[in-house]
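Trainee: Contents are mmCIF, C-alpha atoms; file name upload_27.cif:
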data_entry
loop_
_atom_site.label_atom_id
_atom_site.label_comp_id
_atom_site.auth_asym_id
_atom_site.auth_seq_id
_atom_site.Cartn_x
_atom_site.Cartn_y
_atom_site.Cartn_z
CA MET J 271 -18.92 -8.07 3.74
CA ALA J 272 -18.17 -9.89 6.98
CA GLN J 273 -15.52 -8.44 9.24
CA ALA J 274 -13.89 -9.25 12.52
CA ASP J 275 -15.57 -8.14 15.71
CA THR J 276 -15.03 -4.38 16.09
CA GLY J 277 -17.59 -3.77 18.83
CA PRO J 278 -16.90 -1.90 22.06
CA ARG J 279 -16.49 -5.09 24.10
CA LYS J 280 -13.36 -6.23 22.28
CA THR J 281 -10.73 -7.23 24.84
CA ARG J 282 -7.01 -6.58 24.65
CA ILE J 283 -6.45 -10.27 23.85
CA GLN J 284 -9.01 -10.14 21.06
CA ALA J 285 -7.38 -7.07 19.55
CA GLN J 286 -3.95 -8.69 19.77
CA ASN J 287 -5.19 -11.90 18.17
CA GLU J 288 -6.86 -10.03 15.31
CA GLU J 289 -3.62 -8.15 14.69
CA LEU J 290 -1.69 -11.44 14.70
CA ILE J 291 -4.13 -12.97 12.23
CA LEU J 292 -4.00 -10.01 9.85
CA LYS J 293 -0.20 -9.85 9.95
CA ALA J 294 0.12 -13.59 9.27
CA ALA J 295 -2.56 -13.50 6.57
CA LEU J 296 -0.77 -10.67 4.78
CA GLU J 297 2.37 -12.78 4.48
CA VAL J 298 0.47 -15.90 3.40
CA PHE J 299 -1.76 -14.15 0.85
CA SER J 300 1.15 -12.14 -0.61
CA ALA J 301 3.16 -15.35 -1.02
CA TYR J 302 0.45 -17.70 -2.35
CA GLY J 303 -2.36 -15.46 -3.55
CA PHE J 304 -5.96 -15.80 -2.49
CA ARG J 305 -6.55 -19.14 -4.20
CA GLY J 306 -3.31 -20.73 -3.05
CA ALA J 307 -3.55 -19.63 0.57
CA THR J 308 -5.39 -21.71 3.16
CA VAL J 309 -6.86 -20.99 6.57
CA ASP J 310 -4.62 -23.73 7.96
CA GLN J 311 -1.52 -21.90 6.69
CA ILE J 312 -2.67 -18.65 8.24
CA ALA J 313 -3.49 -20.32 11.56
CA ALA J 314 -0.10 -22.03 11.66
CA SER J 315 1.68 -18.79 10.77
CA CYS J 316 0.02 -16.78 13.57
CA GLY J 317 0.24 -19.58 16.15
CA LEU J 318 -3.50 -19.98 16.68
CA SER J 319 -5.61 -23.09 16.23
CA LYS J 320 -7.89 -23.12 13.21
CA PRO J 321 -11.07 -23.07 15.37
CA ASN J 322 -9.66 -20.12 17.32
CA LEU J 323 -8.90 -18.24 14.11
CA LEU J 324 -12.41 -18.93 12.78
CA TYR J 325 -13.83 -17.36 15.93
CA TYR J 326 -12.54 -14.02 14.60
CA PHE J 327 -13.09 -14.54 10.87
CA ARG J 328 -15.63 -17.07 9.63
CA ARG J 329 -14.20 -17.60 6.13
CA LYS J 330 -10.98 -17.18 4.19
CA GLU J 331 -12.75 -14.52 2.13
CA ASP J 332 -13.42 -12.48 5.27
CA ILE J 333 -9.76 -12.62 6.28
CA TYR J 334 -8.67 -11.59 2.79
CA VAL J 335 -10.97 -8.57 2.63
CA ALA J 336 -9.96 -7.48 6.14
CA VAL J 337 -6.27 -7.70 5.21
CA LEU J 338 -6.80 -5.70 2.02
CA GLU J 339 -8.78 -3.02 3.83
CA HIS J 340 -6.19 -2.77 6.59
CA THR J 341 -3.38 -2.67 4.02
CA LEU J 342 -5.02 0.01 1.92
CA GLN J 343 -5.65 2.25 4.90
CA ASP J 344 -1.93 2.15 5.76
CA TRP J 345 -0.73 2.29 2.16
CA LEU J 346 -2.75 5.39 1.27
CA GLU J 347 -2.04 7.40 4.41
CA PRO J 348 0.97 9.26 2.91
CA LEU J 349 -1.22 10.43 0.01
CA ARG J 350 -3.91 11.61 2.42
CA GLN J 351 -1.29 13.73 4.16
CA MET J 352 -0.47 15.73 1.00
CA ASP J 353 -1.21 19.28 2.15
CA ALA J 354 -2.49 21.96 -0.22
CA ALA J 355 -0.99 24.59 2.09
CA GLY J 356 2.46 23.01 1.91
CA GLU J 357 5.34 23.79 -0.42
CA PRO J 358 4.72 21.64 -3.56
CA ILE J 359 8.22 20.21 -4.04
CA ALA J 360 8.50 19.42 -0.33
CA GLU J 361 5.09 17.73 -0.30
CA ILE J 362 5.85 15.56 -3.33
CA THR J 363 9.32 14.72 -2.01
CA ARG J 364 7.82 13.63 1.30
CA TYR J 365 5.29 11.47 -0.54
CA ILE J 366 7.91 9.75 -2.72
CA ARG J 367 10.13 9.05 0.28
CA ALA J 368 7.22 7.68 2.30
CA LYS J 369 6.22 5.36 -0.54
CA ILE J 370 9.71 3.98 -1.16
CA ARG J 371 10.18 3.38 2.56
CA MET J 372 6.88 1.50 2.73
CA SER J 373 8.08 -0.69 -0.13
CA ARG J 374 11.29 -1.31 1.81
CA ASP J 375 9.64 -1.96 5.19
CA ASN J 376 6.46 -3.77 4.14
CA PRO J 377 6.86 -5.29 0.66
CA ALA J 378 4.21 -7.94 1.35
CA ALA J 379 1.53 -5.23 1.44
CA SER J 380 2.45 -3.97 -2.02
CA ARG J 381 2.62 -7.49 -3.46
CA LEU J 382 -0.78 -8.38 -2.03
CA PHE J 383 -2.33 -5.28 -3.60
CA ALA J 384 -0.62 -5.98 -6.93
CA ASN J 385 -1.90 -9.57 -6.95
CA GLU J 386 -5.43 -8.39 -6.27
CA ILE J 387 -5.28 -5.88 -9.13
CA LEU J 388 -3.78 -8.43 -11.53
CA HIS J 389 -6.66 -10.78 -10.78
CA GLY J 390 -9.33 -8.20 -11.57
CA ALA J 391 -9.74 -6.52 -8.15
CA ALA J 392 -12.92 -8.50 -7.40
CA ALA J 393 -12.59 -7.97 -3.65
CA ILE J 394 -11.84 -4.24 -3.75
CA GLY J 395 -13.38 -3.02 -7.01
CA GLY J 396 -15.87 -0.90 -5.10
CA PHE J 397 -13.09 0.70 -3.08
CA LEU J 398 -11.08 1.52 -6.21
CA LYS J 399 -14.05 3.19 -7.92
CA GLY J 400 -15.20 4.93 -4.75
CA PRO J 401 -12.86 6.00 -1.92
CA LEU J 402 -9.61 5.56 -3.90
CA ARG J 403 -10.88 7.51 -6.90
CA GLN J 404 -12.15 10.27 -4.59
CA LEU J 405 -8.78 10.49 -2.84
CA VAL J 406 -6.84 10.62 -6.11
CA ASP J 407 -9.23 13.26 -7.50
CA GLU J 408 -8.78 15.35 -4.36
CA LYS J 409 -4.98 15.21 -4.46
CA ALA J 410 -4.86 15.65 -8.23
CA ALA J 411 -6.83 18.88 -7.75
CA ILE J 412 -4.20 20.06 -5.25
CA ILE J 413 -1.40 19.31 -7.73
CA GLN J 414 -3.33 21.03 -10.53
CA GLY J 415 -3.68 24.07 -8.31
CA TRP J 416 0.08 24.19 -7.77
CA ILE J 417 0.60 23.92 -11.53
CA ALA J 418 -1.87 26.74 -12.19
CA GLU J 419 0.07 28.91 -9.73
CA GLY J 420 3.32 28.20 -11.62
CA ARG J 421 4.80 26.30 -8.68
CA LEU J 422 5.19 23.05 -10.63
CA ASN J 423 5.86 22.25 -14.27
CA PRO J 424 2.71 21.23 -16.17
CA VAL J 425 2.00 17.49 -15.92
CA ASP J 426 -1.15 15.43 -15.73
CA PRO J 427 -1.71 15.08 -11.94
CA GLN J 428 -3.35 11.65 -12.06
CA HIS J 429 -0.55 10.21 -14.17
CA LEU J 430 2.03 11.78 -11.88
CA ILE J 431 0.46 9.88 -8.97
CA PHE J 432 0.37 6.68 -11.05
CA ALA J 433 4.06 7.15 -11.93
CA ILE J 434 5.01 7.55 -8.27
CA TRP J 435 3.07 4.40 -7.40
CA ALA J 436 4.66 2.42 -10.24
CA THR J 437 8.25 3.39 -9.54
CA THR J 438 8.20 3.17 -5.76
CA GLN J 439 6.21 -0.06 -5.55
CA HIS J 440 8.44 -1.67 -8.18
CA TYR J 441 10.99 -2.29 -5.42
CA ALA J 442 8.47 -4.40 -3.50
CA ASP J 443 6.60 -6.09 -6.35
CA PHE J 444 9.76 -6.94 -8.33
CA ASP J 445 12.12 -7.45 -5.41
CA ALA J 446 13.54 -10.66 -6.90
CA GLN J 447 14.45 -8.83 -10.11
CA VAL J 448 15.94 -5.84 -8.28
CA SER J 449 18.00 -8.14 -6.06
CA ALA J 450 19.23 -10.22 -9.00
CA VAL J 451 20.30 -7.22 -11.07
CA THR J 452 21.84 -5.11 -8.28
CA GLY J 453 23.25 -7.90 -6.16
CA ASN J 454 21.17 -6.44 -3.33
CA PRO J 455 23.77 -4.11 -1.77
CA PRO J 456 22.83 -2.66 1.63
CA ASP J 457 22.24 0.82 0.17
CA VAL J 458 19.97 -0.25 -2.69
CA MET J 459 16.84 1.33 -1.21
CA GLN J 460 18.66 4.51 -0.21
CA LYS J 461 19.88 4.90 -3.78
CA ALA J 462 16.39 4.17 -5.08
CA GLU J 463 14.94 6.89 -2.86
CA GLU J 464 17.59 9.41 -3.93
CA THR J 465 17.22 8.57 -7.63
CA LEU J 466 13.43 8.68 -7.74
CA THR J 467 13.31 11.88 -5.72
CA THR J 468 15.76 13.54 -8.10
CA LEU J 469 13.90 12.37 -11.20
CA PHE J 470 10.50 13.57 -10.05
CA VAL J 471 11.63 16.77 -8.35
CA GLU J 472 13.85 17.95 -11.20
CA GLY J 473 11.09 17.15 -13.68
CA LEU J 474 8.52 19.10 -11.67
CA ARG J 475 10.58 22.06 -10.48
CA PRO J 476 9.83 25.17 -12.57
CA ARG J 477 12.86 26.56 -14.38
#
In structure tokens, write the structure found in this file.
Mentor:
Amino acid sequence: MAQADTGPRKTRIQAQNEELILKAALEVFSAYGFRGATVDQIAASCGLSKPNLLYYFRRKEDIYVAVLEHTLQDWLEPLRQMDAAGEPIAEITRYIRAKIRMSRDNPAASRLFANEILHGAAAIGGFLKGPLRQLVDEKAAIIQGWIAEGRLNPVDPQHLIFAIWATTQHYADFDAQVSAVTGNPPDVMQKAEETLTTLFVEGLRPR
């Protein structure tokens, strides 16, 4: 898997250009998909010439993988922060709120990931079966521990995580539908956060 230069001699300009490329590529790939996107579109979007862009990433495939890896690192950080020593309801509330705010602030990242999954996850299949599965297993074990201690109602931990992903990322992946149905009022994401938090917390809080 080819990647951009990450060696110790990277200059500030190189780092800035790579960040510009990845940001532009995220928007292009999320809008057009891998097949529909072109290097020319990405270069135009980030304001670099095509030869300059290809200095950092040799192929469209390399840009795509780099964007997915960068996106996944950011997207999974709130789950990594789930703390076994924390109060369960507070930890899950923090996670739900972080996820809905990521959908609000960076919907292109969620749409890119959804497109990759819908097309078979060829570029990140290894990540899903390896690091992602390990992370989910680790956090599911934490949730199962809370359940065993009577601090949460009994649920399947993996499916709880899936349900949080599905409901929070809905607002990014199906933004056009949400906007059409709600009329896109300014407080739509605030209400989404409040509603999802209530649903999950009240369902998990022991009576």
Trainee: Rounded to one decimal, what separation in Å do you get between CA of Ala295 (chain J) and CA of Gly390 (chain J)?
Mentor: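 Taking CA of Ala295 (chain J) and CA of Gly390 (chain J), their separation equals 20.1 Å.
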Trainee: Which of these, J:Glu331, J:Glu339, J:Asp457, J:Glu289, has the shortest distance to Ile394 (chain J) once you count all atoms listed in the file?
Mentor: J:Glu339
Trainee: Could you give me, as a Markdown table, a per-residue list for region 332-398 of chain J showing, wherever an atom lies at most 10 Å from an atom of region 430-445 of chain J, the closest pair of atoms and their distance in Å to one decimal, using all atoms listed in the file and sorting by chain then residue number from low to high?
Mentor:
| residue | atom | partner | partner_atom | distance |
| --- | --- | --- | --- | --- |
| J:Leu349 | CA | J:Ile431 | CA | 9.2 |
| J:Ile362 | CA | J:Ile434 | CA | 9.4 |
| J:Tyr365 | CA | J:Ile434 | CA | 8.7 |
| J:Ile366 | CA | J:Ile434 | CA | 6.6 |
| J:Arg367 | CA | J:Thr438 | CA | 8.6 |
| J:Ala368 | CA | J:Thr438 | CA | 9.3 |
| J:Lys369 | CA | J:Thr438 | CA | 6.0 |
| J:Ile370 | CA | J:Thr438 | CA | 4.9 |
| J:Arg371 | CA | J:Thr438 | CA | 8.6 |
| J:Met372 | CA | J:Gln439 | CA | 8.5 |
| J:Ser373 | CA | J:Ala442 | CA | 5.0 |
| J:Arg374 | CA | J:Ala442 | CA | 6.8 |
| J:Asp375 | CA | J:Ala442 | CA | 9.1 |
| J:Asn376 | CA | J:Ala442 | CA | 7.9 |
| J:Pro377 | CA | J:Ala442 | CA | 4.5 |
| J:Ala378 | CA | J:Ala442 | CA | 7.4 |
| J:Ala379 | CA | J:Ala442 | CA | 8.6 |
| J:Ser380 | CA | J:Ala442 | CA | 6.2 |
| J:Arg381 | CA | J:Asp443 | CA | 5.1 |
| J:Leu382 | CA | J:Asp443 | CA | 8.9 |
| J:Phe383 | CA | J:Asp443 | CA | 9.4 |
| J:Ala384 | CA | J:Asp443 | CA | 7.2 |
| J:Asn385 | CA | J:Asp443 | CA | 9.2 |
Trainee: Can you translate the PyMOL selection byres ((chain J and resi 335) around 9) into the concrete residues it hits in this file, as a tab-separated table (two decimals) with C-alpha atoms, in the frame of the given file?
Mentor:
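File result_25.tsv, as written:
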chain	number	residue	atom	x	y	z
J	271	MET	CA	-18.92	-8.07	3.74
J	272	ALA	CA	-18.17	-9.89	6.98
J	273	GLN	CA	-15.52	-8.44	9.24
J	330	LYS	CA	-10.98	-17.18	4.19
J	331	GLU	CA	-12.75	-14.52	2.13
J	332	ASP	CA	-13.42	-12.48	5.27
J	333	ILE	CA	-9.76	-12.62	6.28
J	334	TYR	CA	-8.67	-11.59	2.79
J	336	ALA	CA	-9.96	-7.48	6.14
J	337	VAL	CA	-6.27	-7.70	5.21
J	338	LEU	CA	-6.80	-5.70	2.02
J	339	GLU	CA	-8.78	-3.02	3.83
J	340	HIS	CA	-6.19	-2.77	6.59
J	393	ALA	CA	-12.59	-7.97	-3.65
J	394	ILE	CA	-11.84	-4.24	-3.75
Trainee: Between J:Ile413, J:Val309, J:Ile387, J:Ala301, which has the minimum distance to Met352 (chain J) (counting all atoms listed in the file)?
Mentor: J:Ile413
Trainee: For a test of reading the model, state the distance in Å between CA of Trp345 (chain J) and CA of Lys280 (chain J), rounded to one decimal.
Mentor: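 A separation of 25.2 Å between them.
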Trainee: Once 8 Å is added on each side, what are the centre and the three edge lengths, in Å to one decimal, of the axis-aligned box enclosing the listed atoms of region 441-455 of chain J? Present them as AutoDock Vina command-line options.
Mentor:
--center_x 15.2 --center_y -6.5 --center_z -6.4 --size_x 33.2 --size_y 24.4 --size_z 25.3
Trainee: What is the distance between CA of Gly415 (chain J) and CA of Ala354 (chain J), in Å to one decimal?
Mentor: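 Distance reported for this atom pair: 8.4 Å.
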Trainee: Evaluate the PyMOL selection byres ((chain J and resi 287) around 10) against this structure - the residues, as a PyMOL selection string, please.
Mentor: chain J and resi 281-286+288-293+316-318+322-323+326
Trainee: Quick one: apply the PyMOL selection byres ((chain J and resi 407) around 12) to the file and drop the selected residues here as a compact mmCIF listing (two decimals) with C-alpha atoms, in the frame of the given file.
Mentor:
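out_1.txt was written with the following content:
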# COMPACT_ATOMS: atom_id res chain seq x y z
CA LEU J 349 -1.22 10.43 0.01
CA ARG J 350 -3.91 11.61 2.42
CA LEU J 398 -11.08 1.52 -6.21
CA LYS J 399 -14.05 3.19 -7.92
CA GLY J 400 -15.20 4.93 -4.75
CA PRO J 401 -12.86 6.00 -1.92
CA LEU J 402 -9.61 5.56 -3.90
CA ARG J 403 -10.88 7.51 -6.90
CA GLN J 404 -12.15 10.27 -4.59
CA LEU J 405 -8.78 10.49 -2.84
CA VAL J 406 -6.84 10.62 -6.11
CA GLU J 408 -8.78 15.35 -4.36
CA LYS J 409 -4.98 15.21 -4.46
CA ALA J 410 -4.86 15.65 -8.23
CA ALA J 411 -6.83 18.88 -7.75
CA ILE J 412 -4.20 20.06 -5.25
CA ILE J 413 -1.40 19.31 -7.73
CA GLN J 414 -3.33 21.03 -10.53
CA ASP J 426 -1.15 15.43 -15.73
CA PRO J 427 -1.71 15.08 -11.94
CA GLN J 428 -3.35 11.65 -12.06
CA HIS J 429 -0.55 10.21 -14.17
CA ILE J 431 0.46 9.88 -8.97
